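With PDB, C-alpha atoms inside, this is start_6.pdb:
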```
ATOM      1  CA  MET A   1      11.100  72.870  26.407  1.00  0.00           C
ATOM      2  CA  SER A   2       7.406  72.149  27.036  1.00  0.00           C
ATOM      3  CA  SER A   3       6.145  68.605  26.747  1.00  0.00           C
ATOM      4  CA  ILE A   4       3.475  67.792  24.154  1.00  0.00           C
ATOM      5  CA  GLY A   5       0.996  67.294  27.015  1.00  0.00           C
ATOM      6  CA  GLU A   6       1.810  70.743  28.378  1.00  0.00           C
ATOM      7  CA  ILE A   7       1.382  72.309  24.930  1.00  0.00           C
ATOM      8  CA  LYS A   8      -1.957  70.532  24.538  1.00  0.00           C
ATOM      9  CA  GLY A   9      -2.948  71.901  27.946  1.00  0.00           C
ATOM     10  CA  GLU A  10      -2.066  75.408  26.784  1.00  0.00           C
ATOM     11  CA  PHE A  11      -4.383  75.025  23.781  1.00  0.00           C
ATOM     12  CA  GLU A  12      -7.174  73.569  25.899  1.00  0.00           C
ATOM     13  CA  ASN A  13      -6.956  76.447  28.366  1.00  0.00           C
ATOM     14  CA  ALA A  14      -6.650  79.135  25.692  1.00  0.00           C
ATOM     15  CA  SER A  15      -9.500  80.883  23.916  1.00  0.00           C
ATOM     16  CA  ARG A  16      -9.739  80.547  20.133  1.00  0.00           C
ATOM     17  CA  GLN A  17      -8.444  84.105  19.870  1.00  0.00           C
ATOM     18  CA  GLU A  18      -5.241  83.009  21.623  1.00  0.00           C
ATOM     19  CA  TRP A  19      -4.587  80.050  19.297  1.00  0.00           C
ATOM     20  CA  PRO A  20      -2.681  82.071  16.643  1.00  0.00           C
ATOM     21  CA  ALA A  21      -0.112  83.101  19.255  1.00  0.00           C
ATOM     22  CA  LEU A  22       0.287  79.449  20.229  1.00  0.00           C
ATOM     23  CA  TYR A  23       0.672  78.442  16.565  1.00  0.00           C
ATOM     24  CA  GLU A  24       3.442  81.000  16.262  1.00  0.00           C
ATOM     25  CA  LYS A  25       5.050  79.971  19.539  1.00  0.00           C
ATOM     26  CA  TYR A  26       5.205  76.266  18.630  1.00  0.00           C
ATOM     27  CA  GLY A  27       5.237  76.395  14.818  1.00  0.00           C
ATOM     28  CA  SER A  28       8.993  75.946  14.618  1.00  0.00           C
ATOM     29  CA  ASP A  29       9.027  73.024  17.068  1.00  0.00           C
ATOM     30  CA  SER A  30      10.218  70.121  14.905  1.00  0.00           C
ATOM     31  CA  ARG A  31       8.791  67.324  17.053  1.00  0.00           C
ATOM     32  CA  SER A  32       6.234  65.341  15.038  1.00  0.00           C
ATOM     33  CA  GLY A  33       3.874  65.155  18.033  1.00  0.00           C
ATOM     34  CA  VAL A  34       3.822  68.943  18.319  1.00  0.00           C
ATOM     35  CA  GLN A  35       3.239  69.332  14.590  1.00  0.00           C
ATOM     36  CA  LYS A  36       0.352  66.825  14.731  1.00  0.00           C
ATOM     37  CA  LEU A  37      -1.134  68.722  17.658  1.00  0.00           C
ATOM     38  CA  LEU A  38      -0.917  72.023  15.756  1.00  0.00           C
ATOM     39  CA  GLU A  39      -2.519  70.351  12.743  1.00  0.00           C
ATOM     40  CA  GLN A  40      -5.392  69.107  14.944  1.00  0.00           C
ATOM     41  CA  TYR A  41      -6.046  72.605  16.248  1.00  0.00           C
ATOM     42  CA  HIS A  42      -5.842  74.081  12.738  1.00  0.00           C
ATOM     43  CA  LYS A  43      -8.505  71.538  11.689  1.00  0.00           C
ATOM     44  CA  LYS A  44     -10.645  72.439  14.705  1.00  0.00           C
ATOM     45  CA  GLU A  45     -10.367  76.100  13.762  1.00  0.00           C
ATOM     46  CA  ALA A  46     -11.287  75.378  10.130  1.00  0.00           C
ATOM     47  CA  ALA A  47     -14.325  73.342  11.262  1.00  0.00           C
ATOM     48  CA  TYR A  48     -15.347  76.148  13.605  1.00  0.00           C
ATOM     49  CA  GLN A  49     -15.078  78.737  10.830  1.00  0.00           C
ATOM     50  CA  ALA A  50     -17.126  76.491   8.518  1.00  0.00           C
ATOM     51  CA  GLU A  51     -19.795  76.188  11.221  1.00  0.00           C
ATOM     52  CA  LEU A  52     -19.929  79.982  11.578  1.00  0.00           C
ATOM     53  CA  VAL A  53     -20.552  80.233   7.828  1.00  0.00           C
ATOM     54  CA  ARG A  54     -23.166  77.442   7.912  1.00  0.00           C
ATOM     55  CA  THR A  55     -25.128  78.922  10.803  1.00  0.00           C
ATOM     56  CA  GLU A  56     -25.008  82.382   9.255  1.00  0.00           C
ATOM     57  CA  SER A  57     -26.419  80.924   6.033  1.00  0.00           C
ATOM     58  CA  LEU A  58     -29.399  79.646   8.047  1.00  0.00           C
ATOM     59  CA  LYS A  59     -30.363  83.257   8.716  1.00  0.00           C
ATOM     60  CA  VAL A  60     -31.217  84.048   5.104  1.00  0.00           C
ATOM     61  CA  TYR A  61     -34.951  84.312   5.848  1.00  0.00           C
ATOM     62  CA  GLU A  62     -34.409  86.113   9.124  1.00  0.00           C
ATOM     63  CA  HIS A  63     -32.468  88.831   7.301  1.00  0.00           C
ATOM     64  CA  LYS A  64     -34.839  88.925   4.337  1.00  0.00           C
ATOM     65  CA  TYR A  65     -37.935  89.392   6.517  1.00  0.00           C
ATOM     66  CA  GLU A  66     -36.503  91.121   9.600  1.00  0.00           C
ATOM     67  CA  HIS A  67     -38.532  94.234   8.852  1.00  0.00           C
ATOM     68  CA  LEU A  68     -41.723  92.219   9.475  1.00  0.00           C
ATOM     69  CA  GLY A  69     -40.985  91.372  13.129  1.00  0.00           C
ATOM     70  CA  TYR A  70     -40.517  88.125  15.025  1.00  0.00           C
ATOM     71  CA  VAL A  71     -39.649  85.035  12.990  1.00  0.00           C
ATOM     72  CA  CYS A  72     -40.760  81.768  14.583  1.00  0.00           C
ATOM     73  CA  GLY A  73     -39.156  78.472  13.651  1.00  0.00           C
ATOM     74  CA  ILE A  74     -41.477  75.505  14.018  1.00  0.00           C
ATOM     75  CA  ASP A  75     -41.127  71.773  13.445  1.00  0.00           C
ATOM     76  CA  GLU A  76     -42.637  68.507  14.581  1.00  0.00           C
ATOM     77  CA  VAL A  77     -41.065  65.691  16.532  1.00  0.00           C
ATOM     78  CA  GLY A  78     -42.257  62.117  16.496  1.00  0.00           C
ATOM     79  CA  ARG A  79     -44.374  62.253  13.364  1.00  0.00           C
ATOM     80  CA  GLY A  80     -42.961  59.022  11.967  1.00  0.00           C
ATOM     81  CA  PRO A  81     -43.452  56.578  14.887  1.00  0.00           C
ATOM     82  CA  LEU A  82     -46.263  54.050  14.752  1.00  0.00           C
ATOM     83  CA  ALA A  83     -47.329  54.800  18.326  1.00  0.00           C
ATOM     84  CA  GLY A  84     -47.153  57.774  20.631  1.00  0.00           C
ATOM     85  CA  PRO A  85     -48.043  61.436  20.405  1.00  0.00           C
ATOM     86  CA  VAL A  86     -46.955  63.940  17.806  1.00  0.00           C
ATOM     87  CA  VAL A  87     -45.120  66.886  19.330  1.00  0.00           C
ATOM     88  CA  ALA A  88     -44.342  70.260  17.768  1.00  0.00           C
ATOM     89  CA  CYS A  89     -42.068  72.972  19.052  1.00  0.00           C
ATOM     90  CA  ALA A  90     -42.064  76.659  18.148  1.00  0.00           C
ATOM     91  CA  VAL A  91     -39.090  78.893  18.944  1.00  0.00           C
ATOM     92  CA  ILE A  92     -38.437  82.594  18.540  1.00  0.00           C
ATOM     93  CA  LEU A  93     -34.761  83.475  18.894  1.00  0.00           C
ATOM     94  CA  PRO A  94     -33.457  87.005  19.357  1.00  0.00           C
ATOM     95  CA  LYS A  95     -32.356  88.888  16.266  1.00  0.00           C
ATOM     96  CA  ASP A  96     -28.861  87.864  15.132  1.00  0.00           C
ATOM     97  CA  CYS A  97     -28.693  85.079  17.718  1.00  0.00           C
ATOM     98  CA  GLN A  98     -25.689  82.871  17.069  1.00  0.00           C
ATOM     99  CA  ILE A  99     -26.163  79.271  18.239  1.00  0.00           C
ATOM    100  CA  LEU A 100     -23.550  77.035  16.692  1.00  0.00           C
ATOM    101  CA  TYR A 101     -24.370  73.480  15.581  1.00  0.00           C
ATOM    102  CA  LEU A 102     -28.113  74.190  15.472  1.00  0.00           C
ATOM    103  CA  ASN A 103     -29.559  71.664  13.049  1.00  0.00           C
ATOM    104  CA  ASP A 104     -32.376  69.203  12.422  1.00  0.00           C
ATOM    105  CA  SER A 105     -32.590  67.065  15.567  1.00  0.00           C
ATOM    106  CA  LYS A 106     -32.283  63.889  13.493  1.00  0.00           C
ATOM    107  CA  LYS A 107     -28.804  65.031  12.433  1.00  0.00           C
ATOM    108  CA  LEU A 108     -27.582  65.570  15.998  1.00  0.00           C
ATOM    109  CA  SER A 109     -26.342  63.219  18.701  1.00  0.00           C
ATOM    110  CA  GLU A 110     -28.368  62.967  21.899  1.00  0.00           C
ATOM    111  CA  LYS A 111     -25.612  64.786  23.792  1.00  0.00           C
ATOM    112  CA  LYS A 112     -25.569  67.649  21.262  1.00  0.00           C
ATOM    113  CA  ARG A 113     -29.407  67.888  21.292  1.00  0.00           C
ATOM    114  CA  GLU A 114     -29.386  68.196  25.080  1.00  0.00           C
ATOM    115  CA  ALA A 115     -26.690  70.882  25.021  1.00  0.00           C
ATOM    116  CA  LEU A 116     -28.542  72.809  22.323  1.00  0.00           C
ATOM    117  CA  TYR A 117     -31.819  72.467  24.232  1.00  0.00           C
ATOM    118  CA  ASP A 118     -30.261  74.188  27.233  1.00  0.00           C
ATOM    119  CA  GLU A 119     -28.778  76.956  25.091  1.00  0.00           C
ATOM    120  CA  ILE A 120     -32.024  77.507  23.162  1.00  0.00           C
ATOM    121  CA  MET A 121     -34.108  77.631  26.342  1.00  0.00           C
ATOM    122  CA  GLU A 122     -31.658  80.086  27.882  1.00  0.00           C
ATOM    123  CA  ARG A 123     -31.509  82.418  24.883  1.00  0.00           C
ATOM    124  CA  ALA A 124     -34.953  82.176  23.259  1.00  0.00           C
ATOM    125  CA  VAL A 125     -37.374  85.082  23.270  1.00  0.00           C
ATOM    126  CA  ALA A 126     -40.166  82.499  23.498  1.00  0.00           C
ATOM    127  CA  THR A 127     -40.771  78.764  23.136  1.00  0.00           C
ATOM    128  CA  GLY A 128     -43.976  76.791  22.808  1.00  0.00           C
ATOM    129  CA  ILE A 129     -44.813  73.094  22.747  1.00  0.00           C
ATOM    130  CA  GLY A 130     -47.869  71.361  21.303  1.00  0.00           C
ATOM    131  CA  ILE A 131     -48.716  67.709  21.932  1.00  0.00           C
ATOM    132  CA  VAL A 132     -51.432  65.679  20.221  1.00  0.00           C
ATOM    133  CA  SER A 133     -52.297  62.277  21.656  1.00  0.00           C
ATOM    134  CA  PRO A 134     -52.334  58.984  19.763  1.00  0.00           C
ATOM    135  CA  ALA A 135     -56.120  58.809  20.177  1.00  0.00           C
ATOM    136  CA  ARG A 136     -56.494  62.213  18.527  1.00  0.00           C
ATOM    137  CA  ILE A 137     -54.122  61.146  15.733  1.00  0.00           C
ATOM    138  CA  ASP A 138     -56.396  58.156  15.084  1.00  0.00           C
ATOM    139  CA  GLU A 139     -59.389  60.507  14.897  1.00  0.00           C
ATOM    140  CA  ILE A 140     -57.986  63.098  12.479  1.00  0.00           C
ATOM    141  CA  ASN A 141     -54.877  61.468  10.839  1.00  0.00           C
ATOM    142  CA  ILE A 142     -51.201  62.207  11.369  1.00  0.00           C
ATOM    143  CA  LEU A 143     -50.980  65.215   9.048  1.00  0.00           C
ATOM    144  CA  GLN A 144     -53.931  67.000  10.674  1.00  0.00           C
ATOM    145  CA  ALA A 145     -52.559  66.078  14.122  1.00  0.00           C
ATOM    146  CA  THR A 146     -49.221  67.612  13.134  1.00  0.00           C
ATOM    147  CA  TYR A 147     -50.955  70.835  12.127  1.00  0.00           C
ATOM    148  CA  GLU A 148     -52.878  70.815  15.401  1.00  0.00           C
ATOM    149  CA  ALA A 149     -49.693  70.311  17.423  1.00  0.00           C
ATOM    150  CA  MET A 150     -48.056  73.175  15.507  1.00  0.00           C
ATOM    151  CA  ARG A 151     -51.012  75.502  16.147  1.00  0.00           C
ATOM    152  CA  MET A 152     -50.868  74.561  19.844  1.00  0.00           C
ATOM    153  CA  ALA A 153     -47.124  75.236  19.988  1.00  0.00           C
ATOM    154  CA  ILE A 154     -47.582  78.669  18.431  1.00  0.00           C
ATOM    155  CA  GLY A 155     -50.481  79.376  20.775  1.00  0.00           C
ATOM    156  CA  ASN A 156     -48.239  78.511  23.741  1.00  0.00           C
ATOM    157  CA  LEU A 157     -45.626  81.130  22.843  1.00  0.00           C
ATOM    158  CA  LYS A 158     -45.450  84.052  25.309  1.00  0.00           C
ATOM    159  CA  VAL A 159     -44.606  86.340  22.381  1.00  0.00           C
ATOM    160  CA  GLN A 160     -46.631  85.960  19.215  1.00  0.00           C
ATOM    161  CA  PRO A 161     -44.620  85.758  15.999  1.00  0.00           C
ATOM    162  CA  ASP A 162     -45.172  87.841  12.907  1.00  0.00           C
ATOM    163  CA  LEU A 163     -44.140  85.085  10.498  1.00  0.00           C
ATOM    164  CA  LEU A 164     -43.396  81.366  10.539  1.00  0.00           C
ATOM    165  CA  LEU A 165     -40.379  79.534   9.223  1.00  0.00           C
ATOM    166  CA  ASN A 166     -41.469  75.945   8.804  1.00  0.00           C
ATOM    167  CA  ASP A 167     -40.386  72.855   6.984  1.00  0.00           C
ATOM    168  CA  ALA A 168     -42.286  72.618   3.687  1.00  0.00           C
ATOM    169  CA  VAL A 169     -45.807  72.900   5.108  1.00  0.00           C
ATOM    170  CA  THR A 170     -48.343  75.672   5.383  1.00  0.00           C
ATOM    171  CA  ILE A 171     -50.292  75.298   8.598  1.00  0.00           C
ATOM    172  CA  PRO A 172     -54.036  75.657   7.946  1.00  0.00           C
ATOM    173  CA  GLY A 173     -55.956  77.973  10.216  1.00  0.00           C
ATOM    174  CA  LEU A 174     -53.139  80.450  10.827  1.00  0.00           C
ATOM    175  CA  SER A 175     -53.107  83.937   9.401  1.00  0.00           C
ATOM    176  CA  LEU A 176     -49.353  84.299   9.882  1.00  0.00           C
ATOM    177  CA  ILE A 177     -47.021  84.564   6.911  1.00  0.00           C
ATOM    178  CA  HIS A 178     -45.358  81.193   6.166  1.00  0.00           C
ATOM    179  CA  ILE A 179     -41.835  81.220   4.740  1.00  0.00           C
TER     180      ILE A 179
END
```
Can you present the structure in this file as structure tokens?
Amino acid sequence: MSSIGEIKGEFENASRQEWPALYEKYGSDSRSGVQKLLEQYHKKEAAYQAELVRTESLKVYEHKYEHLGYVCGIDEVGRGPLAGPVVACAVILPKDCQILYLNDSKKLSEKKREALYDEIMERAVATGIGIVSPARIDEINILQATYEAMRMAIGNLKVQPDLLLNDAVTIPGLSLIHI
């Protein structure tokens, strides 16, 4: 009979596709520790499935406008601080790209942001960054500086988008479609 540690090791070394066979293999094991372990992995699977649904729901605009070409997601970073630059990032991901746990950076841990950064940079069709200095913010105000940083980020993309997916703003001076 396998120890609970050995069973846990089997789950950790198995792919998600292999978990059902492990559930079946150990489902009749009456030890409470084994049953708790199976319950933990069932919860992990349910959370994973929920994340697949959530990330697919994020693609509503991508699917709606896919006939128009490249969709570029754009957002600012650092707009709220009292000092420092405002930074904007523009990203074009490949069609039907699946990156789990992608979310507003403020809703992610530092560790998760760093992991997602690596995955985004590896998989993106193009990325662009725009930075506007504190002195420039003082000259034109934070909102105009945000727009400027966004225009810079889009201008720094190696592939130009056909439409923009942005957070509740229309960026002045751009002829791209805003969704």
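You will find CA of Lys111 (chain A) at 18.4 Å from CA of Tyr48 (chain A).
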Evaluated on this file, the PyMOL selection byres ((chain A and resi 55) around 10) picks out some residues - which ones are they, written as a ChimeraX atom specification? /A:50-54,56-60,97-103
For region 162-168 of chain A, find every residue with an atom within 12 Å (counting all atoms listed in the file), except residues of its own chain fewer than 6 positions away, and show them as a ChimeraX atom specification. /A:58-62,64-77,88-93,104,146-147,150-151,153-154,174-179
Shell of 10 Å around region 2-6 of chain A, only C-alpha atoms, local chain residues under 4 positions omitted, as a compact mmCIF listing (two decimals) with C-alpha atoms, in the coordinates of the input:
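Resulting contents of part03.txt:
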```txt
# COMPACT_ATOMS: atom_id res chain seq x y z
CA GLU A 10 -2.07 75.41 26.78
CA PHE A 11 -4.38 75.03 23.78
CA GLU A 12 -7.17 73.57 25.90
CA TYR A 26 5.20 76.27 18.63
CA ARG A 31 8.79 67.32 17.05
CA SER A 32 6.23 65.34 15.04
CA GLY A 33 3.87 65.16 18.03
CA VAL A 34 3.82 68.94 18.32
CA GLN A 35 3.24 69.33 14.59
CA LYS A 36 0.35 66.82 14.73
CA LEU A 37 -1.13 68.72 17.66
```
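Closest approach to Ser133 (chain A) among A:Asn156, A:Val86, A:Pro161, A:Asp29: A:Val86, based on all atoms listed in the file.
Put simply, the PyMOL selection byres ((chain A and resi 124) around 7) on this file hits Val91, Ile92, Leu93, Pro94, Ile120, Met121, Glu122, Arg123, Val125, Ala126 and Thr127 of chain A.
Closest approach to Pro20 (chain A) from the set A:Ile171, A:Ala115, A:Leu38, A:Ala149 is made by A:Leu38, with distances taken over only C-alpha atoms.
Nearest-residue note for Thr170 (chain A): choosing from A:Leu22, A:Ile137, A:Leu143, A:Leu157, the minimum distance belongs to A:Leu143, counting all atoms listed in the file.
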Give the answer as one residue: which of A:Glu110, A:Arg136, A:Ile7, A:Glu148 has the shortest atom-to-atom distance to Gly84 (chain A), using all atoms listed in the file? A:Arg136
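The interatomic distance for the pair CA of Val132 (chain A) and CA of Lys112 (chain A) works out to 26.0 Å.
Here CA of Asn141 (chain A) stands at a distance of 14.0 Å from CA of Val87 (chain A).
Minimum atom-to-atom distance to Pro85 (chain A), evaluated using all atoms listed in the file, belongs to A:Ala135 out of A:Ala135, A:Met1, A:Ala21, A:Leu108.
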